[in-house]
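File shown here: my_file.pdb, holding PDB, C-alpha atoms and all ligand atoms.
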```pdb
MODEL        1
ATOM      1  CA  MET A   1      13.918  30.723 -27.858
ATOM      2  CA  THR A   2      10.992  29.887 -25.625
ATOM      3  CA  ALA A   3      11.435  28.873 -22.008
ATOM      4  CA  GLN A   4      10.725  25.197 -21.308
ATOM      5  CA  VAL A   5       7.340  24.708 -19.682
ATOM      6  CA  THR A   6       7.648  22.479 -16.628
ATOM      7  CA  PHE A   7       4.916  20.813 -14.621
ATOM      8  CA  GLU A   8       3.394  23.029 -11.967
ATOM      9  CA  PRO A   9       1.724  20.827  -9.302
ATOM     10  CA  ALA A  10      -0.430  23.617  -7.911
ATOM     11  CA  SER A  11      -2.352  23.726 -11.197
ATOM     12  CA  VAL A  12      -3.847  20.249 -10.824
ATOM     13  CA  VAL A  13      -3.217  18.982  -7.262
ATOM     14  CA  ARG A  14      -5.770  19.189  -4.468
ATOM     15  CA  ALA A  15      -4.445  18.179  -1.047
ATOM     16  CA  GLU A  16      -6.799  16.385   1.313
ATOM     17  CA  ALA A  17      -7.549  17.976   4.677
ATOM     18  CA  GLY A  18      -4.544  17.405   6.922
ATOM     19  CA  GLY A  19      -2.232  16.884   3.959
ATOM     20  CA  PHE A  20      -2.359  13.078   3.965
ATOM     21  CA  GLY A  21      -3.447  12.096   0.464
ATOM     22  CA  ALA A  22      -3.796  14.356  -2.572
ATOM     23  CA  VAL A  23      -5.789  14.228  -5.795
ATOM     24  CA  ILE A  24      -4.639  15.156  -9.284
ATOM     25  CA  THR A  25      -7.409  15.847 -11.759
ATOM     26  CA  HIS A  26      -6.620  16.059 -15.443
ATOM     27  CA  ASP A  27      -8.494  15.033 -18.547
ATOM     28  CA  ASP A  28      -5.427  13.713 -20.408
ATOM     29  CA  PHE A  29      -3.026  11.552 -18.384
ATOM     30  CA  ASP A  30      -0.833  10.892 -21.428
ATOM     31  CA  ALA A  31      -0.319  14.644 -21.913
ATOM     32  CA  LEU A  32       0.273  15.118 -18.180
ATOM     33  CA  VAL A  33       3.016  12.458 -18.095
ATOM     34  CA  ALA A  34       4.595  13.988 -21.200
ATOM     35  CA  GLN A  35       5.037  17.306 -19.397
ATOM     36  CA  PRO A  36       8.673  17.868 -18.443
ATOM     37  CA  GLY A  37       9.062  17.553 -14.698
ATOM     38  CA  PHE A  38       5.798  15.704 -14.015
ATOM     39  CA  ALA A  39       7.333  12.391 -12.906
ATOM     40  CA  ASP A  40       9.910  14.164 -10.717
ATOM     41  CA  ALA A  41       7.191  16.318  -9.196
ATOM     42  CA  LEU A  42       5.180  13.180  -8.451
ATOM     43  CA  VAL A  43       8.023  11.796  -6.316
ATOM     44  CA  GLY A  44       8.029  15.055  -4.343
ATOM     45  CA  LEU A  45       4.247  14.909  -3.987
ATOM     46  CA  LEU A  46       4.491  11.347  -2.673
ATOM     47  CA  ALA A  47       7.007  12.447  -0.021
ATOM     48  CA  LYS A  48       4.598  15.184   1.049
ATOM     49  CA  HIS A  49       1.216  13.441   0.809
ATOM     50  CA  LEU A  50       2.163   9.691   0.797
ATOM     51  CA  VAL A  51      -0.858   8.733  -1.356
ATOM     52  CA  ILE A  52      -1.778  10.332  -4.683
ATOM     53  CA  ARG A  53      -4.965   9.627  -6.600
ATOM     54  CA  ILE A  54      -4.966  10.637 -10.243
ATOM     55  CA  ASP A  55      -8.397  10.882 -11.780
ATOM     56  CA  ALA A  56      -7.759  10.093 -15.401
ATOM     57  CA  PRO A  57      -9.872   8.884 -18.285
ATOM     58  CA  PRO A  58      -8.472   5.903 -20.255
ATOM     59  CA  PHE A  59      -4.819   6.359 -21.187
ATOM     60  CA  GLN A  60      -1.878   4.563 -22.797
ATOM     61  CA  ALA A  61      -0.092   1.884 -20.751
ATOM     62  CA  ALA A  62       3.214   3.488 -21.774
ATOM     63  CA  SER A  63       2.335   6.547 -19.684
ATOM     64  CA  LEU A  64       1.843   4.505 -16.518
ATOM     65  CA  ALA A  65       5.001   2.535 -17.353
ATOM     66  CA  ALA A  66       6.922   5.825 -17.558
ATOM     67  CA  ILE A  67       5.764   6.742 -14.049
ATOM     68  CA  ALA A  68       6.644   3.247 -12.804
ATOM     69  CA  ALA A  69      10.129   3.527 -14.318
ATOM     70  CA  ARG A  70      10.708   6.830 -12.509
ATOM     71  CA  LEU A  71       9.710   5.279  -9.166
ATOM     72  CA  GLY A  72      12.086   2.317  -9.500
ATOM     73  CA  PRO A  73      12.581  -1.212 -10.823
ATOM     74  CA  PRO A  74       9.702  -3.675 -10.474
ATOM     75  CA  SER A  75       9.431  -5.867  -7.403
ATOM     76  CA  VAL A  76       9.724  -9.651  -7.739
ATOM     77  CA  ASN A  77       6.066 -10.397  -7.046
ATOM     78  CA  ARG A  78       4.284 -12.767  -9.376
ATOM     79  CA  GLY A  79       1.446 -11.829 -11.628
ATOM     80  CA  PRO A  80       0.705 -11.746 -15.344
ATOM     81  CA  ARG A  81       2.547  -8.849 -16.961
ATOM     82  CA  LEU A  82       0.790  -6.566 -19.382
ATOM     83  CA  PRO A  83       2.343  -7.585 -22.727
ATOM     84  CA  GLY A  84       5.282  -5.325 -23.494
ATOM     85  CA  PHE A  85       5.473  -3.840 -19.985
ATOM     86  CA  ASP A  86       7.666  -5.671 -17.455
ATOM     87  CA  ALA A  87       6.633  -3.465 -14.548
ATOM     88  CA  LEU A  88       2.856  -3.582 -15.037
ATOM     89  CA  ILE A  89       0.765  -6.511 -13.842
ATOM     90  CA  GLN A  90      -2.715  -6.905 -15.302
ATOM     91  CA  PHE A  91      -5.521  -8.706 -13.506
ATOM     92  CA  GLU A  92      -8.571  -9.248 -15.634
ATOM     93  CA  SER A  93     -11.619 -11.373 -14.943
ATOM     94  CA  ALA A  94     -14.964 -11.638 -16.651
ATOM     95  CA  GLY A  95     -17.915 -11.568 -14.299
ATOM     96  CA  LYS A  96     -19.037 -14.987 -12.997
ATOM     97  CA  PRO A  97     -22.800 -14.844 -12.458
ATOM     98  CA  ASP A  98     -22.800 -17.641  -9.858
ATOM     99  CA  ALA A  99     -19.859 -16.350  -7.754
ATOM    100  CA  ASP A 100     -20.286 -16.665  -3.976
ATOM    101  CA  PRO A 101     -20.552 -13.241  -2.257
ATOM    102  CA  GLN A 102     -19.011 -14.660   0.933
ATOM    103  CA  LYS A 103     -15.850 -15.499  -1.034
ATOM    104  CA  ASP A 104     -15.720 -11.870  -2.173
ATOM    105  CA  ARG A 105     -15.880 -10.688   1.420
ATOM    106  CA  ASP A 106     -13.190 -13.190   2.426
ATOM    107  CA  ALA A 107     -10.943 -12.062  -0.428
ATOM    108  CA  ALA A 108     -11.049  -8.414   0.699
ATOM    109  CA  GLN A 109      -7.782  -7.368   2.304
ATOM    110  CA  ILE A 110      -7.028  -6.077   5.772
ATOM    111  CA  LEU A 111      -4.548  -3.244   6.353
ATOM    112  CA  HIS A 112      -1.065  -4.212   5.189
ATOM    113  CA  HIS A 113       2.157  -3.112   3.522
ATOM    114  CA  ASP A 114       2.489  -4.811   0.115
ATOM    115  CA  SER A 115       4.998  -7.674   0.024
ATOM    116  CA  ALA A 116       6.412  -6.980   3.494
ATOM    117  CA  GLY A 117       7.448 -10.648   3.522
ATOM    118  CA  LEU A 118      10.144  -9.927   0.933
ATOM    119  CA  ALA A 119      13.707  -9.182   2.060
ATOM    120  CA  GLU A 120      13.320  -6.021  -0.042
ATOM    121  CA  PRO A 121       9.713  -4.822   0.067
ATOM    122  CA  PRO A 122       8.617  -2.316  -2.570
ATOM    123  CA  ALA A 123       8.920   1.347  -1.651
ATOM    124  CA  TYR A 124       5.984   2.233  -3.942
ATOM    125  CA  ALA A 125       2.796   0.695  -5.265
ATOM    126  CA  ILE A 126       0.426   1.647  -8.065
ATOM    127  CA  VAL A 127      -3.142   0.434  -8.588
ATOM    128  CA  ASN A 128      -5.178   1.536 -11.591
ATOM    129  CA  THR A 129      -8.721   0.225 -11.463
ATOM    130  CA  LYS A 130     -10.339   0.239 -14.868
ATOM    131  CA  THR A 131     -13.682  -0.921 -13.515
ATOM    132  CA  HIS A 132     -15.639  -0.076 -10.417
ATOM    133  CA  PRO A 133     -17.804  -2.194  -8.134
ATOM    134  CA  GLY A 134     -21.586  -1.830  -8.331
ATOM    135  CA  GLU A 135     -21.688  -1.456  -4.545
ATOM    136  CA  PRO A 136     -19.770   1.662  -3.460
ATOM    137  CA  ALA A 137     -16.428   0.537  -2.002
ATOM    138  CA  LEU A 138     -13.747   2.476  -0.169
ATOM    139  CA  HIS A 139      -9.994   2.005  -0.245
ATOM    140  CA  SER A 140      -8.227   3.278   2.816
ATOM    141  CA  TRP A 141      -4.679   4.130   3.786
ATOM    142  CA  ILE A 142      -3.154   4.875   7.192
ATOM    143  CA  ASP A 143      -0.207   7.268   7.588
ATOM    144  CA  MET A 144       2.228   5.134   9.592
ATOM    145  CA  GLN A 145       4.671   8.043  10.017
ATOM    146  CA  ALA A 146       1.949   9.987  11.804
ATOM    147  CA  VAL A 147       0.867   6.954  13.826
ATOM    148  CA  TYR A 148       4.462   6.553  14.989
ATOM    149  CA  ARG A 149       4.784  10.273  15.810
ATOM    150  CA  ASP A 150       1.628  10.080  17.941
ATOM    151  CA  LEU A 151       2.727   7.067  20.017
ATOM    152  CA  PRO A 152       3.457   7.568  23.724
ATOM    153  CA  ALA A 153       7.189   8.070  24.375
ATOM    154  CA  THR A 154       7.398   4.912  26.485
ATOM    155  CA  LEU A 155       5.961   2.788  23.689
ATOM    156  CA  LYS A 156       8.370   4.373  21.188
ATOM    157  CA  ARG A 157      11.305   3.488  23.437
ATOM    158  CA  THR A 158      10.060  -0.100  23.623
ATOM    159  CA  ILE A 159       9.659  -0.621  19.888
ATOM    160  CA  ASP A 160      12.479   1.532  18.474
ATOM    161  CA  PRO A 161      15.159  -1.211  18.682
ATOM    162  CA  LEU A 162      12.894  -4.193  17.844
ATOM    163  CA  ARG A 163      12.745  -6.328  14.713
ATOM    164  CA  CYS A 164       9.850  -8.476  13.579
ATOM    165  CA  VAL A 165       9.675 -11.533  11.308
ATOM    166  CA  HIS A 166       7.396 -11.187   8.263
ATOM    167  CA  PRO A 167       6.177 -14.717   7.513
ATOM    168  CA  THR A 168       4.711 -15.741   4.164
ATOM    169  CA  TYR A 169       1.424 -17.643   4.059
ATOM    170  CA  PRO A 170      -1.174 -18.023   1.285
ATOM    171  CA  GLU A 171      -3.609 -15.081   1.210
ATOM    172  CA  VAL A 172      -2.054 -13.797   4.434
ATOM    173  CA  VAL A 173      -3.527 -10.299   3.974
ATOM    174  CA  SER A 174      -7.062 -11.537   3.219
ATOM    175  CA  ALA A 175      -9.953 -10.903   5.561
ATOM    176  CA  GLY A 176     -10.823 -14.622   5.488
ATOM    177  CA  VAL A 177      -7.402 -15.812   6.668
ATOM    178  CA  HIS A 178      -7.232 -13.012   9.241
ATOM    179  CA  ARG A 179     -10.592 -14.116  10.664
ATOM    180  CA  ASP A 180     -10.076 -17.887  10.550
ATOM    181  CA  LEU A 181      -6.381 -18.488  11.179
ATOM    182  CA  LYS A 182      -5.597 -17.305  14.695
ATOM    183  CA  ASP A 183      -2.222 -19.077  14.887
ATOM    184  CA  LEU A 184       0.233 -19.599  12.071
ATOM    185  CA  PRO A 185       1.966 -22.997  12.044
ATOM    186  CA  ALA A 186       5.072 -22.578  14.275
ATOM    187  CA  ASP A 187       7.598 -23.206  11.512
ATOM    188  CA  ILE A 188       5.944 -20.613   9.251
ATOM    189  CA  ARG A 189       5.650 -18.078  12.067
ATOM    190  CA  GLU A 190       9.409 -18.135  12.578
ATOM    191  CA  THR A 191      10.387 -18.100   8.896
ATOM    192  CA  GLY A 192      10.839 -15.005   6.774
ATOM    193  CA  PRO A 193      12.878 -11.829   6.677
ATOM    194  CA  ASP A 194      12.941  -9.730   9.824
ATOM    195  CA  HIS A 195      12.514  -5.979   9.437
ATOM    196  CA  PRO A 196      12.786  -3.187  12.006
ATOM    197  CA  LEU A 197       9.472  -2.284  13.648
ATOM    198  CA  VAL A 198      10.434   1.358  13.154
ATOM    199  CA  VAL A 199      11.938   1.997   9.727
ATOM    200  CA  ARG A 200      13.458   5.159   8.296
ATOM    201  CA  ASN A 201      11.415   5.909   5.203
ATOM    202  CA  PRO A 202      13.885   6.214   2.331
ATOM    203  CA  ASN A 203      11.729   8.788   0.520
ATOM    204  CA  THR A 204      11.071  11.124   3.452
ATOM    205  CA  GLY A 205      13.757  10.364   6.050
ATOM    206  CA  GLU A 206      10.975  10.082   8.653
ATOM    207  CA  PRO A 207      10.619   7.223  11.123
ATOM    208  CA  THR A 208       7.621   5.067  10.272
ATOM    209  CA  LEU A 209       5.953   2.086  11.864
ATOM    210  CA  PHE A 210       6.426  -1.012   9.702
ATOM    211  CA  LEU A 211       4.265  -3.895  10.926
ATOM    212  CA  SER A 212       3.920  -7.539  10.018
ATOM    213  CA  VAL A 213       0.315  -8.139   8.984
ATOM    214  CA  ARG A 214       0.217 -11.102  11.391
ATOM    215  CA  ARG A 215      -0.448 -10.221  15.026
ATOM    216  CA  ASP A 216       1.161 -13.553  15.970
ATOM    217  CA  ALA A 217       4.398 -12.760  14.087
ATOM    218  CA  LYS A 218       7.643 -13.255  15.973
ATOM    219  CA  ILE A 219       9.415 -10.222  17.401
ATOM    220  CA  LEU A 220      13.056 -11.208  17.795
ATOM    221  CA  GLY A 221      14.008 -11.838  21.419
ATOM    222  CA  MET A 222      10.414 -12.031  22.674
ATOM    223  CA  GLU A 223       8.231 -14.902  23.815
ATOM    224  CA  ALA A 224       5.261 -15.617  21.550
ATOM    225  CA  ALA A 225       2.672 -14.231  23.988
ATOM    226  CA  GLU A 226       4.670 -11.033  24.499
ATOM    227  CA  SER A 227       5.102 -10.562  20.727
ATOM    228  CA  ARG A 228       1.415 -11.065  20.095
ATOM    229  CA  ALA A 229       0.405  -8.642  22.853
ATOM    230  CA  LEU A 230       2.689  -5.918  21.495
ATOM    231  CA  LEU A 231       1.710  -6.372  17.826
ATOM    232  CA  THR A 232      -1.967  -6.510  18.775
ATOM    233  CA  GLU A 233      -1.566  -3.274  20.770
ATOM    234  CA  LEU A 234       0.142  -1.581  17.803
ATOM    235  CA  TRP A 235      -2.421  -2.807  15.264
ATOM    236  CA  ASP A 236      -5.264  -1.690  17.547
ATOM    237  CA  ILE A 237      -3.724   1.797  17.529
ATOM    238  CA  VAL A 238      -3.312   1.722  13.727
ATOM    239  CA  GLU A 239      -6.863   0.511  13.079
ATOM    240  CA  ALA A 240      -8.342   3.194  15.353
ATOM    241  CA  SER A 241      -6.097   5.945  13.990
ATOM    242  CA  PRO A 242      -7.673   9.118  12.621
ATOM    243  CA  ARG A 243      -4.653   9.354  10.278
ATOM    244  CA  ARG A 244      -6.706   7.561   7.652
ATOM    245  CA  TRP A 245      -7.543   8.614   4.105
ATOM    246  CA  ARG A 246     -10.455   6.941   2.372
ATOM    247  CA  SER A 247     -11.278   7.099  -1.292
ATOM    248  CA  LEU A 248     -14.087   5.532  -3.299
ATOM    249  CA  VAL A 249     -13.084   3.037  -5.978
ATOM    250  CA  ARG A 250     -14.713   4.739  -8.934
ATOM    251  CA  GLY A 251     -12.895   3.253 -11.912
ATOM    252  CA  ASP A 252     -10.463   5.125 -14.153
ATOM    253  CA  ASP A 253      -8.480   6.213 -11.147
ATOM    254  CA  ILE A 254      -4.798   5.668 -10.451
ATOM    255  CA  PHE A 255      -3.612   5.316  -6.859
ATOM    256  CA  ILE A 256       0.123   5.678  -6.212
ATOM    257  CA  TRP A 257       1.425   5.347  -2.674
ATOM    258  CA  ASP A 258       4.434   5.112  -0.419
ATOM    259  CA  ASN A 259       4.362   1.465   0.649
ATOM    260  CA  ILE A 260       6.792   1.918   3.558
ATOM    261  CA  ALA A 261       5.047   4.879   5.187
ATOM    262  CA  THR A 262       1.476   3.649   4.743
ATOM    263  CA  VAL A 263      -0.669   0.559   5.122
ATOM    264  CA  HIS A 264      -3.717   0.055   2.909
ATOM    265  CA  ASP A 265      -6.667  -2.267   2.620
ATOM    266  CA  ARG A 266      -8.711  -3.484  -0.337
ATOM    267  CA  PRO A 267     -12.481  -3.458  -0.262
ATOM    268  CA  PRO A 268     -14.560  -6.449  -1.396
ATOM    269  CA  PHE A 269     -15.165  -6.613  -5.134
ATOM    270  CA  SER A 270     -17.941  -8.856  -6.409
ATOM    271  CA  ALA A 271     -16.605 -11.637  -8.648
ATOM    272  CA  ARG A 272     -19.985 -11.453 -10.392
ATOM    273  CA  GLU A 273     -18.823  -8.204 -11.976
ATOM    274  CA  PRO A 274     -16.067  -7.865 -14.591
ATOM    275  CA  ARG A 275     -12.826  -6.538 -13.191
ATOM    276  CA  LYS A 276      -9.692  -5.152 -14.766
ATOM    277  CA  VAL A 277      -6.781  -3.728 -12.800
ATOM    278  CA  TRP A 278      -3.251  -2.625 -13.643
ATOM    279  CA  PHE A 279      -0.901  -2.943 -10.716
ATOM    280  CA  ALA A 280       2.768  -2.416  -9.892
ATOM    281  CA  ASN A 281       5.091  -2.803  -6.913
ATOM    282  CA  LEU A 282       8.269  -0.803  -7.418
ATOM    283  CA  ALA A 283      11.647   0.134  -5.961
ATOM    284  CA  PRO A 284      12.589  -2.831  -3.749
ATOM    285  CA  VAL A 285      14.416  -1.573  -0.663
ATOM    286  CA  VAL A 286      16.009  -3.150   2.414
ATOM    287  CA  PRO A 287      14.174  -1.440   5.306
ATOM    288  CA  GLN A 288      16.651   0.366   7.552
ATOM    289  CA  ALA A 289      16.085   0.909  11.263
ATOM    290  CA  ALA A 290      15.143   4.506  12.053
ATOM    291  CA  PHE A 291      17.154   4.367  15.273
ATOM    292  CA  ALA A 292      20.295   2.454  16.153
ATOM    293  CA  ALA A 293      19.441  -0.700  18.101
TER     294      ALA A 293
HETATM  295 FE    FE A 301      -1.945  -4.463  -1.158
ENDMDL
END
```

Write the structure described by the file as structure tokens, please.
Amino acid sequence: MTAQVTFEPASVVRAEAGGFGAVITHDDFDALVAQPGFADALVGLLAKHLVIRIDAPPFQAASLAAIAARLGPPSVNRGPRLPGFDALIQFESAGKPDADPQKDRDAAQILHHDSAGLAEPPAYAIVNTKTHPGEPALHSWIDMQAVYRDLPATLKRTIDPLRCVHPTYPEVVSAGVHRDLKDLPADIRETGPDHPLVVRNPNTGEPTLFLSVRRDAKILGMEAAESRALLTELWDIVEASPRRWRSLVRGDDIFIWDNIATVHDRPPFSAREPRKVWFANLAPVVPQAAFAA
């Protein structure tokens, strides 16, 4: 009888400097996923590194679906499903030669947690870009556990018991809306689930900052100006944070990340170029306060 061979992360994983972000390189993703223990090891790697990039040549959708199934049930977000795969959304567009480059820049996304406006935001996200932009473009993630750890003690004491409304608005995470819409309509600003500003990450047990993408979002119990000043202060800290991992969008790469413990952006992608992406939001979870209010 031969011993069962189980996945050994050290054979294919390269951690980024500082440990935030790691890269798995393998020439056969289907074979990698078929290895006993790989999907379980991936969950452990996500707890340790928060973002994993897997450099993989073209592979079977069933392999990505197997990873998605291990991470949790799909989130309720809309999007055309890849036929036969309930968890995988496929965006595909042919290049439009006359597309307006300014619209591409406006459609890029500022730092955000995916679907934070849901009562149960996804704990994980997957993006698999099949194509890559002609202009080099960088994805970035910020480690919100580390940002929280680094905050001054007085600021931690202020935010630890607070909760913030996460309003829903069309294209709320886009660079265009962020630039042009300085104030949400009052009824929208006050509508949506409220989540703790400091959440206990279900996958790591660590406290993590969990911010509404809108600086004018309502913090419960605060006047609008006070809310905006505090959220602006926190976002300024996040945007300037060195706890950032950047990675080029090169095509044929799979990004999997902890959506509670990180925020991410999306670089511009020219609509003149063809684009194909598989995407998933997984493991809906009610965010729990890291500290008793
Ligand atoms: Fe996103």

Dump as JSON lines the rows for residues of chain A within 7 Å of ligand FE 301 (chain A): closest atom pair and distance in Å with one decimal, all atoms listed in the file counted, ordered by chain and rising residue number.
```
{"residue": "A:His112", "atom": "CA", "partner": "A:FE301", "partner_atom": "FE", "distance": 6.4}
{"residue": "A:His113", "atom": "CA", "partner": "A:FE301", "partner_atom": "FE", "distance": 6.4}
{"residue": "A:Asp114", "atom": "CA", "partner": "A:FE301", "partner_atom": "FE", "distance": 4.6}
{"residue": "A:His264", "atom": "CA", "partner": "A:FE301", "partner_atom": "FE", "distance": 6.3}
{"residue": "A:Asp265", "atom": "CA", "partner": "A:FE301", "partner_atom": "FE", "distance": 6.4}
{"residue": "A:Arg266", "atom": "CA", "partner": "A:FE301", "partner_atom": "FE", "distance": 6.9}
```

Excluding same-chain residues fewer than 2 positions from stretch 78-87 of chain A, what lies within 9 Å of it counting only C-alpha atoms, as a PyMOL selection string? chain A and resi 61-62+65+68-69+73-76+89-91+278-282

Could you please take those selected residues and save C-alpha atoms as a tab-separated table (two decimals), keeping the file's coordinate frame?
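The resulting out-v2.tsv:
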```tsv
chain	number	residue	atom	x	y	z
A	61	ALA	CA	-0.09	1.88	-20.75
A	62	ALA	CA	3.21	3.49	-21.77
A	65	ALA	CA	5.00	2.54	-17.35
A	68	ALA	CA	6.64	3.25	-12.80
A	69	ALA	CA	10.13	3.53	-14.32
A	73	PRO	CA	12.58	-1.21	-10.82
A	74	PRO	CA	9.70	-3.68	-10.47
A	75	SER	CA	9.43	-5.87	-7.40
A	76	VAL	CA	9.72	-9.65	-7.74
A	89	ILE	CA	0.76	-6.51	-13.84
A	90	GLN	CA	-2.72	-6.90	-15.30
A	91	PHE	CA	-5.52	-8.71	-13.51
A	278	TRP	CA	-3.25	-2.62	-13.64
A	279	PHE	CA	-0.90	-2.94	-10.72
A	280	ALA	CA	2.77	-2.42	-9.89
A	281	ASN	CA	5.09	-2.80	-6.91
A	282	LEU	CA	8.27	-0.80	-7.42
```

Among listed residues A:Arg70, A:His139, A:Lys96, A:Lys103, nearest A:Arg244 (using only C-alpha atoms): A:His139

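We find atom CA of A:Ala15 and atom CA of A:His132 to be spaced 23.4 Å apart.
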
For atom CA of A:Ile254 and atom CA of A:Pro287, the interatomic separation in Å (one decimal): 25.7 Å

Could you tell me which residues the PyMOL selection byres (((chain A and resi 170-173) around 8) and not hetatm) returns for this structure, as a ChimeraX atom specification? /A:109-112,168-169,174-175,177-178,213-214

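If you measure from each of A:Trp245, A:Leu155, A:Glu223, A:Ala116 to A:Val286 using only C-alpha atoms, the closest one turns out to be A:Ala116.
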
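Distances here use only C-alpha atoms; by that measure, the residue among A:Gln102, A:Thr131, A:Asn77, A:Gln35 closest to A:Asp253 is A:Thr131.
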
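Closest approach to A:Ile142 among A:Val165, A:Leu231, A:Leu50, A:Val198 is made by A:Leu50 (distances from all atoms listed in the file).
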
For stretch 229-248 of chain A, take all atoms listed in the file, fit an axis-aligned box around them, add 5 Å to each of the six sides, then output centre and edge lengths in Å rounded to one decimal, as JSON.
```
{"center_x": -5.7, "center_y": 0.4, "center_z": 9.8, "size_x": 26.8, "size_y": 28.0, "size_z": 36.2}
```

Could I get the residues of stretch 226-292 of chain A with an atom no further than 12 Å from an atom of stretch 20-32 of chain A, each paired with its nearest atom pair and that distance in Å to one decimal, using only C-alpha atoms, sorted by chain and residue number, as JSON lines?
```
{"residue": "A:Pro242", "atom": "CA", "partner": "A:Phe20", "partner_atom": "CA", "distance": 10.9}
{"residue": "A:Arg243", "atom": "CA", "partner": "A:Phe20", "partner_atom": "CA", "distance": 7.7}
{"residue": "A:Arg244", "atom": "CA", "partner": "A:Phe20", "partner_atom": "CA", "distance": 7.9}
{"residue": "A:Trp245", "atom": "CA", "partner": "A:Gly21", "partner_atom": "CA", "distance": 6.5}
{"residue": "A:Arg246", "atom": "CA", "partner": "A:Gly21", "partner_atom": "CA", "distance": 8.9}
{"residue": "A:Ser247", "atom": "CA", "partner": "A:Gly21", "partner_atom": "CA", "distance": 9.5}
{"residue": "A:Asp252", "atom": "CA", "partner": "A:Phe29", "partner_atom": "CA", "distance": 10.7}
{"residue": "A:Asp253", "atom": "CA", "partner": "A:Thr25", "partner_atom": "CA", "distance": 9.7}
{"residue": "A:Ile254", "atom": "CA", "partner": "A:Ile24", "partner_atom": "CA", "distance": 9.6}
{"residue": "A:Phe255", "atom": "CA", "partner": "A:Val23", "partner_atom": "CA", "distance": 9.2}
{"residue": "A:Ile256", "atom": "CA", "partner": "A:Gly21", "partner_atom": "CA", "distance": 9.9}
{"residue": "A:Trp257", "atom": "CA", "partner": "A:Gly21", "partner_atom": "CA", "distance": 8.9}
{"residue": "A:Asp258", "atom": "CA", "partner": "A:Gly21", "partner_atom": "CA", "distance": 10.6}
{"residue": "A:Ala261", "atom": "CA", "partner": "A:Phe20", "partner_atom": "CA", "distance": 11.1}
{"residue": "A:Thr262", "atom": "CA", "partner": "A:Phe20", "partner_atom": "CA", "distance": 10.2}
```

Specify as JSON, numbers by chain each residue included when the PyMOL selection byres (((chain A and resi 275) around 7) and not hetatm) is applied to this file. {"A": [92, 93, 94, 131, 273, 274, 276, 277]}

Missing atoms in stretch 107-118 of chain A: can you complete it with N, CA and C atoms, as a PDB file, in the coordinates of the input?
```pdb
ATOM      1  N   ALA A 107     -12.107 -12.440   0.384  1.00  0.00           N
ATOM      2  CA  ALA A 107     -10.943 -12.062  -0.428  1.00  0.00           C
ATOM      3  C   ALA A 107     -10.560 -10.595  -0.255  1.00  0.00           C
ATOM      4  N   ALA A 108     -11.432  -9.801   0.392  1.00  0.00           N
ATOM      5  CA  ALA A 108     -11.049  -8.414   0.699  1.00  0.00           C
ATOM      6  C   ALA A 108      -9.795  -8.447   1.570  1.00  0.00           C
ATOM      7  N   GLN A 109      -9.067  -7.351   1.593  1.00  0.00           N
ATOM      8  CA  GLN A 109      -7.782  -7.368   2.304  1.00  0.00           C
ATOM      9  C   GLN A 109      -7.790  -6.426   3.492  1.00  0.00           C
ATOM     10  N   ILE A 110      -7.189  -6.913   4.577  1.00  0.00           N
ATOM     11  CA  ILE A 110      -7.028  -6.077   5.772  1.00  0.00           C
ATOM     12  C   ILE A 110      -5.818  -5.160   5.571  1.00  0.00           C
ATOM     13  N   LEU A 111      -5.649  -4.209   6.476  1.00  0.00           N
ATOM     14  CA  LEU A 111      -4.548  -3.244   6.353  1.00  0.00           C
ATOM     15  C   LEU A 111      -3.201  -3.952   6.316  1.00  0.00           C
ATOM     16  N   HIS A 112      -2.367  -3.567   5.362  1.00  0.00           N
ATOM     17  CA  HIS A 112      -1.065  -4.212   5.189  1.00  0.00           C
ATOM     18  C   HIS A 112      -0.131  -3.338   4.373  1.00  0.00           C
ATOM     19  N   HIS A 113       1.172  -3.598   4.490  1.00  0.00           N
ATOM     20  CA  HIS A 113       2.157  -3.112   3.522  1.00  0.00           C
ATOM     21  C   HIS A 113       2.244  -4.196   2.441  1.00  0.00           C
ATOM     22  N   ASP A 114       2.326  -3.812   1.171  1.00  0.00           N
ATOM     23  CA  ASP A 114       2.489  -4.811   0.115  1.00  0.00           C
ATOM     24  C   ASP A 114       3.832  -5.524   0.262  1.00  0.00           C
ATOM     25  N   SER A 115       3.782  -6.847   0.105  1.00  0.00           N
ATOM     26  CA  SER A 115       4.998  -7.674   0.024  1.00  0.00           C
ATOM     27  C   SER A 115       6.006  -7.396   1.134  1.00  0.00           C
ATOM     28  N   ALA A 116       5.506  -7.202   2.359  1.00  0.00           N
ATOM     29  CA  ALA A 116       6.412  -6.980   3.494  1.00  0.00           C
ATOM     30  C   ALA A 116       7.207  -8.239   3.813  1.00  0.00           C
ATOM     31  N   GLY A 117       6.743  -9.392   3.298  1.00  0.00           N
ATOM     32  CA  GLY A 117       7.448 -10.648   3.522  1.00  0.00           C
ATOM     33  C   GLY A 117       8.643 -10.850   2.604  1.00  0.00           C
ATOM     34  N   LEU A 118       8.924  -9.873   1.745  1.00  0.00           N
ATOM     35  CA  LEU A 118      10.144  -9.927   0.933  1.00  0.00           C
ATOM     36  C   LEU A 118      11.308  -9.321   1.724  1.00  0.00           C
TER      37      LEU A 118
END
```
